[in-house]
Amino acid sequence: MRRRLSLAGQTLVLHMSVIVLVVAAGAALAILEERHNRDRATTQQVMAIAVSVADAPSTAAALHTPDPTALLQPVTERIRIQTGMDFIVVMAPDRTRYTHTVPERIGQPFSGNIDRALAGETFTETFAGTLGPSIRAVTPVYENGAIVALVSAGVTRDKIGDQVGAQLPLIFGVTAGGLALATLGSLLLSRRLRRQTRGLAPAELRTMYEHHDAVLHSIREGLMVFDTTGDRADVVNDEARRLLELPAGEVHRSDLPVSFQHLGTGLVRDEMHVTDSRILLINQDPVEWEGTPVGTVLTIRDHTELRGVMGELDSVRSFAESLRSQAHESANRLHTVITMVELGRYREAVEFATAELELSQALIDRLLAAVGDPALAALLLGKVNQAAERGIELSITEDTALDSTAPLTAQESVTLVGNLIDNALDAAADSAAGWVEVTVRHDTSVLFVRVADSGPGMSPETFARAAERGYSTKADHHGLGLALVHRVVARYGGTIGTSRTPESAVTVHIPRTTR
């Protein structure tokens with residue numbers, strides 16, 4: 001099947017057709033204008049020469065001599081040659097010629113109109129005389145107020161045509177130069193248009209646009225296409241505007257969340273970013289066409305609900321790990337008790353079996369009594385055992401007292417406290433005798449959370465930057481912890497801060513008011 005002519009090709013053909021027509025019309029108009037200008041200049045010239053000859057005193061004086069031709073013919077011929085006239089005729093009022101370019105026609109009647117000249121008027125006309133069509137002027141010769149003769153001067157049409165023809169090379173040269181420049185401009189424009197449209201035909205461009213528009217509005221994934229600078233978004237689909245809460249209109253990189261503004265134009269794979277209301281997974285790919293960068297494609301997927309489910313799963317997994325650890329320890333203790341019984345050490349066996357159980361039960365009883373939310377209590381119990389496995393002492397302060405996690409939901413409280421404890425455990429793991437201390441309580445109308453650890457802590461500036469960054473490239477995405485905590489705190493109008501003295505600690509205050 002024959003391929004359709006590209007948009008650039010069609011534009012070139014149309015452009016060249018118009019240019020050729022315009023240039024041809026311009027050349028024709030230039031020739032006509034030159035012919036008109038020559039006619040006008042010739043008319044003025046023949047009138048001036050005829051009047052000059054008629055007004056010369058020698059002209060009227062020669063008429064009174066026996067042979068006017070002998071005096072007038074040499075003078076009129078000299079003037080004719082000097083001025084480029086084809087003829088200068090001095091005639092009697094009865095049309096009899098005294099002078100003529102062709103001497104044989106002297107004495108013969110003048111062919112042409114003289115009535116207006118006999119009436120005292122100087123006029124010009126185009127008339128086909130003995131030398132052919134010409135532009136001529138006729139004027140009277142006065143003596144003492146009476147018309148004693150007539151003078152006619154003229155130039156043939158053939159000579160005017162020769163003068164116009166002499167200008168044709170210049171006209172055609174200018175026309176050819178203009179056509180060449182216009183052709184070069186058209187070719188450059190076509191080349192640029194072909195490069196910008198990728199050599200596609202109009203129908204192909206229309207089909208591509210229709211499919212492109214349909215795909216952009218139908219996919220349930222945010223899509224943004226940035227220009228080569230990476231600053232301005234050429235394409236933003238509906239889902240991207242919804243996920244990033246972007247208004248209608250042009251979008252720049254500076255309009256995106258802070259963590260998105262530092263992506264640049266490089267390759268990005270499966271980065272988690274936290275905004276005020278969502279957790280987003282992004283990928284970014286530079287796009288090239290024939291080896292030339294043409295932009296950057298950014299895709300965005302909403303992982304808010306998935307991260308919530310994963311948070312709950314992490315809490316359950318932590319609790320399950322705690323149960324597994326306890327089961328393992330219980331098996332060891334059971335073997336020890338059985339051996340002590342076999343050895344007849346009954347009293348020591350009873351003391352050994354009940355001592356650890358009393359401590360664990362005491363912790364469970366205290367957490368369930370102090371923390372009214374079962375999910376949060378389970379989280380804290382699981383973190384205690386998780387810390388113990390890592391060789392870190394995690395303690396719940398005595399002033400921990402919480403009847404409910406309001407205004408936070410159970411999921412939000414697990415997100416907030418769990419991430420703060422995870423960060424504290426990571427920080428304390430690097431110290432020789434690591435410890436973490438957790439406080440959760442209600443202070444009047446404020447929900448108070450404090451997590452201290454034996455780690456080096458972070459300065460307020462570093463803490464703010466870590467929370468502001470809002471993204472993670474870790475496989476398990478634990479690096480999102482502070483950003484997730486900040487999001488929960490900001491949602492309820494709370495405050496969060498960090499200190500390094502007397503110990504590293506993160507403190508959260510959330511007003512206990514309904515949203």
# chains A, B, ... in the order shown; residues from 1 in each chain; ligands from 1
$ residues_around --residues "Thr43 (chain A)" --least-positions-apart "3" --cutoff "10 Å" --atoms "only C-alpha atoms" --output "PyMOL selection string"
chain A and resi 37-40+46-48+123-126+135-137+153-155
$ write_last_selection --atoms "N, CA, C and O atoms" --output "short mmCIF file (atom, residue, chain, number, x, y, z; two decimals), in the first residue's frame"
data_model
loop_
_atom_site.label_atom_id
_atom_site.label_comp_id
_atom_site.auth_asym_id
_atom_site.auth_seq_id
_atom_site.Cartn_x
_atom_site.Cartn_y
_atom_site.Cartn_z
N ASN A 37 4.92 52.56 -16.54
CA ASN A 37 5.85 53.65 -16.21
C ASN A 37 6.53 54.20 -17.46
O ASN A 37 6.72 55.41 -17.59
N ARG A 38 6.90 53.30 -18.37
CA ARG A 38 7.52 53.74 -19.62
C ARG A 38 6.56 54.58 -20.44
O ARG A 38 6.93 55.59 -21.04
N ASP A 39 5.29 54.13 -20.54
CA ASP A 39 4.29 54.90 -21.29
C ASP A 39 4.11 56.29 -20.69
O ASP A 39 4.03 57.30 -21.42
N ARG A 40 4.02 56.35 -19.38
CA ARG A 40 3.83 57.64 -18.73
C ARG A 40 5.03 58.55 -18.92
O ARG A 40 4.89 59.75 -19.21
N VAL A 46 7.51 63.28 -24.80
CA VAL A 46 7.12 63.76 -26.14
C VAL A 46 6.40 65.09 -26.04
O VAL A 46 6.56 65.96 -26.92
N MET A 47 5.61 65.29 -24.98
CA MET A 47 4.93 66.58 -24.83
C MET A 47 5.93 67.69 -24.58
O MET A 47 5.84 68.78 -25.18
N ALA A 48 6.93 67.42 -23.72
CA ALA A 48 7.92 68.45 -23.42
C ALA A 48 8.73 68.81 -24.66
O ALA A 48 9.01 70.01 -24.92
N PHE A 123 -1.97 68.18 -26.76
CA PHE A 123 -2.51 66.91 -26.29
C PHE A 123 -1.58 65.78 -26.74
O PHE A 123 -0.71 65.95 -27.59
N THR A 124 -1.83 64.61 -26.12
CA THR A 124 -1.09 63.40 -26.49
C THR A 124 -2.10 62.32 -26.86
O THR A 124 -3.23 62.34 -26.40
N GLU A 125 -1.61 61.38 -27.69
CA GLU A 125 -2.45 60.26 -28.08
C GLU A 125 -1.59 59.10 -28.54
O GLU A 125 -0.40 59.27 -28.78
N THR A 126 -2.22 57.95 -28.63
CA THR A 126 -1.57 56.78 -29.22
C THR A 126 -2.23 56.56 -30.57
O THR A 126 -3.45 56.37 -30.66
N ILE A 135 3.24 56.75 -29.42
CA ILE A 135 2.71 57.75 -28.49
C ILE A 135 3.25 59.09 -28.97
O ILE A 135 4.46 59.28 -29.08
N ARG A 136 2.35 59.99 -29.26
CA ARG A 136 2.75 61.26 -29.83
C ARG A 136 2.07 62.41 -29.14
O ARG A 136 1.02 62.25 -28.52
N ALA A 137 2.71 63.58 -29.23
CA ALA A 137 2.14 64.82 -28.72
C ALA A 137 2.02 65.81 -29.88
O ALA A 137 2.88 65.85 -30.76
N ALA A 153 5.69 65.33 -31.85
CA ALA A 153 6.85 64.50 -31.50
C ALA A 153 6.32 63.19 -30.95
O ALA A 153 5.33 63.15 -30.22
N GLY A 154 7.00 62.08 -31.31
CA GLY A 154 6.49 60.79 -30.85
C GLY A 154 7.53 59.70 -30.79
O GLY A 154 8.62 59.83 -31.34
N VAL A 155 7.18 58.64 -30.07
CA VAL A 155 8.02 57.45 -29.93
C VAL A 155 7.14 56.24 -30.26
O VAL A 155 6.01 56.11 -29.75
#
$ residues_around --residues "His442 (chain A)" --least-positions-apart "4" --cutoff "8 Å" --atoms "only C-alpha atoms" --output "number ranges by chain"
A: 401-402, 446-448
$ atom_distance --atom1 "CA of Asn237 (chain A)" --atom2 "CA of Leu223 (chain A)"
5.7 Å
$ closest_residue --among "A:Ala369, A:Ser413, A:Asp430, A:Arg105" --to "Thr400 (chain A)" --atoms "only C-alpha atoms"
A:Ala369
$ select_by_dssp --residues "region 225-266 of chain A" --states "alpha helix (DSSP H)" --output "PyMOL selection string"
chain A and resi 238-244
$ write_last_selection --atoms "all heavy atoms" --output "PDB file, in the first residue's frame"
ATOM      1  N   ASP A 238      -5.442  12.770  33.805  1.00  0.00           N
ATOM      2  CA  ASP A 238      -6.383  13.046  34.893  1.00  0.00           C
ATOM      3  C   ASP A 238      -5.958  12.380  36.192  1.00  0.00           C
ATOM      4  O   ASP A 238      -6.096  12.958  37.281  1.00  0.00           O
ATOM      5  CB  ASP A 238      -7.789  12.566  34.496  1.00  0.00           C
ATOM      6  CG  ASP A 238      -8.315  13.309  33.285  1.00  0.00           C
ATOM      7  OD1 ASP A 238      -7.817  14.416  33.017  1.00  0.00           O
ATOM      8  OD2 ASP A 238      -9.213  12.784  32.607  1.00  0.00           O
ATOM      9  N   GLU A 239      -5.448  11.144  36.095  1.00  0.00           N
ATOM     10  CA  GLU A 239      -5.072  10.414  37.302  1.00  0.00           C
ATOM     11  C   GLU A 239      -3.905  11.083  38.015  1.00  0.00           C
ATOM     12  O   GLU A 239      -3.871  11.138  39.253  1.00  0.00           O
ATOM     13  CB  GLU A 239      -4.710   8.974  36.937  1.00  0.00           C
ATOM     14  CG  GLU A 239      -4.445   8.071  38.134  1.00  0.00           C
ATOM     15  CD  GLU A 239      -5.672   7.798  38.982  1.00  0.00           C
ATOM     16  OE1 GLU A 239      -6.786   8.240  38.591  1.00  0.00           O
ATOM     17  OE2 GLU A 239      -5.525   7.153  40.038  1.00  0.00           O
ATOM     18  N   ALA A 240      -2.949  11.620  37.253  1.00  0.00           N
ATOM     19  CA  ALA A 240      -1.815  12.325  37.869  1.00  0.00           C
ATOM     20  C   ALA A 240      -2.292  13.576  38.595  1.00  0.00           C
ATOM     21  O   ALA A 240      -1.820  13.890  39.698  1.00  0.00           O
ATOM     22  CB  ALA A 240      -0.785  12.685  36.802  1.00  0.00           C
ATOM     23  N   ARG A 241      -3.227  14.288  37.996  1.00  0.00           N
ATOM     24  CA  ARG A 241      -3.761  15.484  38.662  1.00  0.00           C
ATOM     25  C   ARG A 241      -4.503  15.102  39.940  1.00  0.00           C
ATOM     26  O   ARG A 241      -4.427  15.817  40.951  1.00  0.00           O
ATOM     27  CB  ARG A 241      -4.695  16.245  37.725  1.00  0.00           C
ATOM     28  CG  ARG A 241      -3.980  16.905  36.545  1.00  0.00           C
ATOM     29  CD  ARG A 241      -4.914  17.783  35.734  1.00  0.00           C
ATOM     30  NE  ARG A 241      -4.262  18.322  34.560  1.00  0.00           N
ATOM     31  CZ  ARG A 241      -3.515  19.424  34.540  1.00  0.00           C
ATOM     32  NH1 ARG A 241      -3.349  20.095  35.665  1.00  0.00           N
ATOM     33  NH2 ARG A 241      -2.959  19.845  33.426  1.00  0.00           N
ATOM     34  N   ARG A 242      -5.209  13.961  39.911  1.00  0.00           N
ATOM     35  CA  ARG A 242      -5.944  13.539  41.107  1.00  0.00           C
ATOM     36  C   ARG A 242      -4.993  13.112  42.214  1.00  0.00           C
ATOM     37  O   ARG A 242      -5.147  13.516  43.373  1.00  0.00           O
ATOM     38  CB  ARG A 242      -6.888  12.388  40.742  1.00  0.00           C
ATOM     39  CG  ARG A 242      -7.785  11.937  41.890  1.00  0.00           C
ATOM     40  CD  ARG A 242      -8.619  10.735  41.494  1.00  0.00           C
ATOM     41  NE  ARG A 242      -7.812   9.533  41.380  1.00  0.00           N
ATOM     42  CZ  ARG A 242      -7.490   8.750  42.407  1.00  0.00           C
ATOM     43  NH1 ARG A 242      -7.900   9.063  43.643  1.00  0.00           N
ATOM     44  NH2 ARG A 242      -6.766   7.671  42.225  1.00  0.00           N
ATOM     45  N   LEU A 243      -3.995  12.312  41.864  1.00  0.00           N
ATOM     46  CA  LEU A 243      -3.080  11.793  42.880  1.00  0.00           C
ATOM     47  C   LEU A 243      -2.233  12.891  43.509  1.00  0.00           C
ATOM     48  O   LEU A 243      -1.939  12.862  44.703  1.00  0.00           O
ATOM     49  CB  LEU A 243      -2.167  10.718  42.267  1.00  0.00           C
ATOM     50  CG  LEU A 243      -2.842   9.426  41.812  1.00  0.00           C
ATOM     51  CD1 LEU A 243      -1.841   8.507  41.140  1.00  0.00           C
ATOM     52  CD2 LEU A 243      -3.515   8.718  42.992  1.00  0.00           C
ATOM     53  N   LEU A 244      -1.829  13.870  42.687  1.00  0.00           N
ATOM     54  CA  LEU A 244      -0.972  14.941  43.189  1.00  0.00           C
ATOM     55  C   LEU A 244      -1.745  16.203  43.533  1.00  0.00           C
ATOM     56  O   LEU A 244      -1.150  17.213  43.921  1.00  0.00           O
ATOM     57  CB  LEU A 244       0.107  15.263  42.142  1.00  0.00           C
ATOM     58  CG  LEU A 244       1.066  14.116  41.800  1.00  0.00           C
ATOM     59  CD1 LEU A 244       2.034  14.550  40.709  1.00  0.00           C
ATOM     60  CD2 LEU A 244       1.826  13.660  43.035  1.00  0.00           C
TER      61      LEU A 244
END
$ residues_around --residues "region 88-102 of chain A" --least-positions-apart "2" --cutoff "6 Å" --atoms "only C-alpha atoms" --output "PyMOL selection string"
chain A and resi 69+73+104-110+149-153
$ write_last_selection --atoms "all heavy atoms" --output "mmCIF file, in the first residue's frame"
data_model
loop_
_atom_site.group_PDB
_atom_site.id
_atom_site.type_symbol
_atom_site.label_atom_id
_atom_site.label_comp_id
_atom_site.auth_asym_id
_atom_site.auth_seq_id
_atom_site.Cartn_x
_atom_site.Cartn_y
_atom_site.Cartn_z
ATOM 1 N N THR A 69 11.770 73.886 -44.855
ATOM 2 C CA THR A 69 12.352 72.562 -44.596
ATOM 3 C C THR A 69 13.852 72.649 -44.451
ATOM 4 O O THR A 69 14.463 71.959 -43.619
ATOM 5 C CB THR A 69 11.985 71.607 -45.723
ATOM 6 O OG1 THR A 69 10.552 71.453 -45.776
ATOM 7 C CG2 THR A 69 12.618 70.241 -45.518
ATOM 8 N N GLN A 73 14.520 71.015 -40.855
ATOM 9 C CA GLN A 73 14.858 69.590 -40.876
ATOM 10 C C GLN A 73 16.159 69.276 -40.111
ATOM 11 O O GLN A 73 16.170 68.352 -39.297
ATOM 12 C CB GLN A 73 14.958 69.095 -42.334
ATOM 13 C CG GLN A 73 15.324 67.625 -42.480
ATOM 14 C CD GLN A 73 14.225 66.665 -42.032
ATOM 15 O OE1 GLN A 73 13.122 67.105 -41.689
ATOM 16 N NE2 GLN A 73 14.538 65.371 -42.011
ATOM 17 N N GLU A 104 11.632 61.380 -47.596
ATOM 18 C CA GLU A 104 10.706 61.198 -48.714
ATOM 19 C C GLU A 104 9.278 61.587 -48.356
ATOM 20 O O GLU A 104 8.443 61.838 -49.249
ATOM 21 C CB GLU A 104 10.732 59.743 -49.193
ATOM 22 C CG GLU A 104 12.015 59.314 -49.901
ATOM 23 C CD GLU A 104 13.152 59.048 -48.917
ATOM 24 O OE1 GLU A 104 12.872 59.022 -47.681
ATOM 25 O OE2 GLU A 104 14.315 58.888 -49.345
ATOM 26 N N ARG A 105 8.954 61.601 -47.045
ATOM 27 C CA ARG A 105 7.591 61.900 -46.633
ATOM 28 C C ARG A 105 7.376 63.369 -46.322
ATOM 29 O O ARG A 105 6.287 63.775 -45.924
ATOM 30 C CB ARG A 105 7.219 61.047 -45.418
ATOM 31 C CG ARG A 105 7.168 59.567 -45.774
ATOM 32 C CD ARG A 105 6.881 58.727 -44.589
ATOM 33 N NE ARG A 105 6.869 57.294 -44.962
ATOM 34 C CZ ARG A 105 6.777 56.295 -44.129
ATOM 35 N NH1 ARG A 105 6.706 56.547 -42.815
ATOM 36 N NH2 ARG A 105 6.771 55.048 -44.584
ATOM 37 N N ILE A 106 8.433 64.182 -46.543
ATOM 38 C CA ILE A 106 8.286 65.636 -46.383
ATOM 39 C C ILE A 106 7.429 66.145 -47.517
ATOM 40 O O ILE A 106 7.600 65.769 -48.691
ATOM 41 C CB ILE A 106 9.661 66.319 -46.367
ATOM 42 C CG1 ILE A 106 10.461 65.866 -45.150
ATOM 43 C CG2 ILE A 106 9.509 67.838 -46.381
ATOM 44 C CD1 ILE A 106 11.879 66.392 -45.120
ATOM 45 N N GLY A 107 6.490 67.007 -47.202
ATOM 46 C CA GLY A 107 5.564 67.548 -48.193
ATOM 47 C C GLY A 107 4.277 66.760 -48.257
ATOM 48 O O GLY A 107 3.286 67.243 -48.831
ATOM 49 N N GLN A 108 4.269 65.574 -47.668
ATOM 50 C CA GLN A 108 3.048 64.775 -47.661
ATOM 51 C C GLN A 108 2.203 65.158 -46.440
ATOM 52 O O GLN A 108 2.710 65.737 -45.461
ATOM 53 C CB GLN A 108 3.394 63.288 -47.625
ATOM 54 C CG GLN A 108 4.118 62.793 -48.859
ATOM 55 C CD GLN A 108 4.460 61.315 -48.771
ATOM 56 O OE1 GLN A 108 4.093 60.636 -47.821
ATOM 57 N NE2 GLN A 108 5.174 60.819 -49.811
ATOM 58 N N PRO A 109 0.914 64.859 -46.444
ATOM 59 C CA PRO A 109 0.049 65.231 -45.308
ATOM 60 C C PRO A 109 0.360 64.373 -44.053
ATOM 61 O O PRO A 109 0.687 63.198 -44.149
ATOM 62 C CB PRO A 109 -1.353 64.967 -45.830
ATOM 63 C CG PRO A 109 -1.179 63.970 -46.929
ATOM 64 C CD PRO A 109 0.152 64.259 -47.561
ATOM 65 N N PHE A 110 0.250 65.015 -42.934
ATOM 66 C CA PHE A 110 0.474 64.357 -41.629
ATOM 67 C C PHE A 110 -0.717 63.458 -41.311
ATOM 68 O O PHE A 110 -1.873 63.856 -41.467
ATOM 69 C CB PHE A 110 0.634 65.432 -40.545
ATOM 70 C CG PHE A 110 0.740 64.883 -39.153
ATOM 71 C CD1 PHE A 110 1.916 64.333 -38.697
ATOM 72 C CD2 PHE A 110 -0.351 64.929 -38.289
ATOM 73 C CE1 PHE A 110 2.007 63.850 -37.418
ATOM 74 C CE2 PHE A 110 -0.262 64.441 -37.002
ATOM 75 C CZ PHE A 110 0.939 63.889 -36.559
ATOM 76 N N ALA A 149 1.553 77.120 -37.334
ATOM 77 C CA ALA A 149 2.028 75.765 -37.648
ATOM 78 C C ALA A 149 1.733 74.846 -36.464
ATOM 79 O O ALA A 149 1.285 75.291 -35.393
ATOM 80 C CB ALA A 149 3.524 75.789 -37.965
ATOM 81 N N LEU A 150 2.040 73.542 -36.668
ATOM 82 C CA LEU A 150 1.865 72.545 -35.616
ATOM 83 C C LEU A 150 3.144 71.721 -35.509
ATOM 84 O O LEU A 150 3.838 71.521 -36.518
ATOM 85 C CB LEU A 150 0.693 71.607 -35.910
ATOM 86 C CG LEU A 150 -0.683 72.261 -36.117
ATOM 87 C CD1 LEU A 150 -1.703 71.196 -36.531
ATOM 88 C CD2 LEU A 150 -1.135 72.975 -34.846
ATOM 89 N N VAL A 151 3.434 71.235 -34.248
ATOM 90 C CA VAL A 151 4.599 70.369 -34.025
ATOM 91 C C VAL A 151 4.105 69.078 -33.368
ATOM 92 O O VAL A 151 3.350 69.119 -32.396
ATOM 93 C CB VAL A 151 5.657 71.045 -33.132
ATOM 94 C CG1 VAL A 151 6.821 70.076 -32.867
ATOM 95 C CG2 VAL A 151 6.178 72.310 -33.806
ATOM 96 N N SER A 152 4.582 67.944 -33.907
ATOM 97 C CA SER A 152 4.255 66.650 -33.332
ATOM 98 C C SER A 152 5.555 65.876 -33.092
ATOM 99 O O SER A 152 6.415 65.807 -33.973
ATOM 100 C CB SER A 152 3.358 65.842 -34.267
ATOM 101 O OG SER A 152 3.118 64.561 -33.731
ATOM 102 N N ALA A 153 5.687 65.330 -31.854
ATOM 103 C CA ALA A 153 6.852 64.504 -31.505
ATOM 104 C C ALA A 153 6.319 63.186 -30.953
ATOM 105 O O ALA A 153 5.327 63.152 -30.219
ATOM 106 C CB ALA A 153 7.734 65.197 -30.471
#
$ select_by_dssp --residues "region 132-267 of chain A" --states "strand (DSSP E or B)" --output "ChimeraX atom specification"
/A:132-143,146-156,222-226,232-236,251-252
$ closest_residue --among "A:Gly165, A:Phe352, A:Val215, A:His252" --to "Thr339 (chain A)" --atoms "only C-alpha atoms"
A:Phe352
$ residues_around --residues "Leu71 (chain A)" --least-positions-apart "5" --cutoff "12 Å" --atoms "only C-alpha atoms" --output "ChimeraX atom specification"
/A:58-66,76-78,90,98-99
$ closest_residue --among "A:Val75, A:Ala203, A:Ala180, A:Leu216" --to "Gln10 (chain A)" --atoms "only C-alpha atoms"
A:Ala203
$ atom_distance --atom1 "CA of Ala387 (chain A)" --atom2 "CA of Val436 (chain A)"
8.5 Å
$ closest_residue --among "A:Val13, A:Leu168, A:Val53, A:Ala406" --to "Glu33 (chain A)" --atoms "only C-alpha atoms"
A:Leu168
$ atom_distance --atom1 "CA of Glu351 (chain A)" --atom2 "CA of Val371 (chain A)"
29.8 Å
$ closest_residue --among "A:Glu245, A:Thr501, A:Ser52, A:Pro103" --to "Pro74 (chain A)" --atoms "only C-alpha atoms"
A:Pro103
$ residues_around --residues "Thr156 (chain A)" --least-positions-apart "3" --cutoff "8 Å" --atoms "only C-alpha atoms" --output "list of chain:residue names"
A:Asp86, A:Leu131, A:Gly132, A:Pro133, A:Ser134, A:Ile135, A:Lys159, A:Ile160
$ residues_around --residues "Asp285 (chain A)" --least-positions-apart "6" --cutoff "8 Å" --atoms "only C-alpha atoms" --output "list in words"
Thr265, Gly266, Leu267, Val268, Thr296, Val297 and Leu298 of chain A
